[in-house]
Amino acid sequence: MKYLVTSGAVLRFTDGSQVELTPGVHSFDKHVTEHWAFGAHAQAISEEELKQSQGDDDLEVKVTELETTITGLQQQLTEKLASQEAGNAKKQPSANK
């Protein structure tokens, strides 16, 4: 069975061993899943949910691309506003008429 780990943790056992949980989808031995704190950091995931989560990789790529586009557009907007403000400052008539 696969488990979706949502938050990192280190599970310590009475025999002195420990298992590190890292976010993502992983398989674990039964003794790890029976640890009292395991459920606070991971949950079982079905094959259907696993397939859907793998599709999330495509979404991450798309989000990264969109963030890059947004950053570029914000920079263009900032530059355009700055040039307009500079132009408006030059066009303002003097108050001494």
# chains A, B, ... in the order shown; residues from 1 in each chain; ligands from 1

call {"tool": "residues_around", "arguments": {"residues": "A:His41", "least_positions_apart": "3", "cutoff": "12 Å", "atoms": "only C-alpha atoms", "output": "ChimeraX atom specification"}}
result
/A:3-11,20-25,32-33,35-38,44

call {"tool": "residues_around", "arguments": {"residues": "A:Lys2", "least_positions_apart": "4", "cutoff": "6 Å", "atoms": "only C-alpha atoms", "output": "PDB file with N, CA and C atoms, in the first residue's frame"}}
result
ATOM      1  N   HIS A  26       4.921   7.261  -0.572  1.00  0.00           N
ATOM      2  CA  HIS A  26       5.902   6.233  -0.225  1.00  0.00           C
ATOM      3  C   HIS A  26       5.200   4.953   0.220  1.00  0.00           C
ATOM      4  N   SER A  27       5.973   3.865   0.246  1.00  0.00           N
ATOM      5  CA  SER A  27       5.523   2.606   0.832  1.00  0.00           C
ATOM      6  C   SER A  27       6.246   2.430   2.165  1.00  0.00           C
ATOM      7  N   ILE A  45      -3.284   5.971   0.530  1.00  0.00           N
ATOM      8  CA  ILE A  45      -3.729   6.560  -0.733  1.00  0.00           C
ATOM      9  C   ILE A  45      -4.069   5.422  -1.695  1.00  0.00           C
TER      10      ILE A  45
END

call {"tool": "select_by_dssp", "arguments": {"residues": "chain A", "states": "strand (DSSP E or B)", "output": "PyMOL selection string"}}
result
chain A and resi 2-5+9-12+18-21+24-27+42-45

call {"tool": "atom_distance", "arguments": {"atom1": "atom CA of A:Phe28", "atom2": "atom CA of A:Ala42"}}
result
10.5 Å

call {"tool": "atom_distance", "arguments": {"atom1": "atom CA of A:Lys30", "atom2": "atom CA of A:Gly16"}}
result
17.0 Å

call {"tool": "atom_distance", "arguments": {"atom1": "atom CA of A:Glu48", "atom2": "atom CA of A:Met1"}}
result
12.4 Å
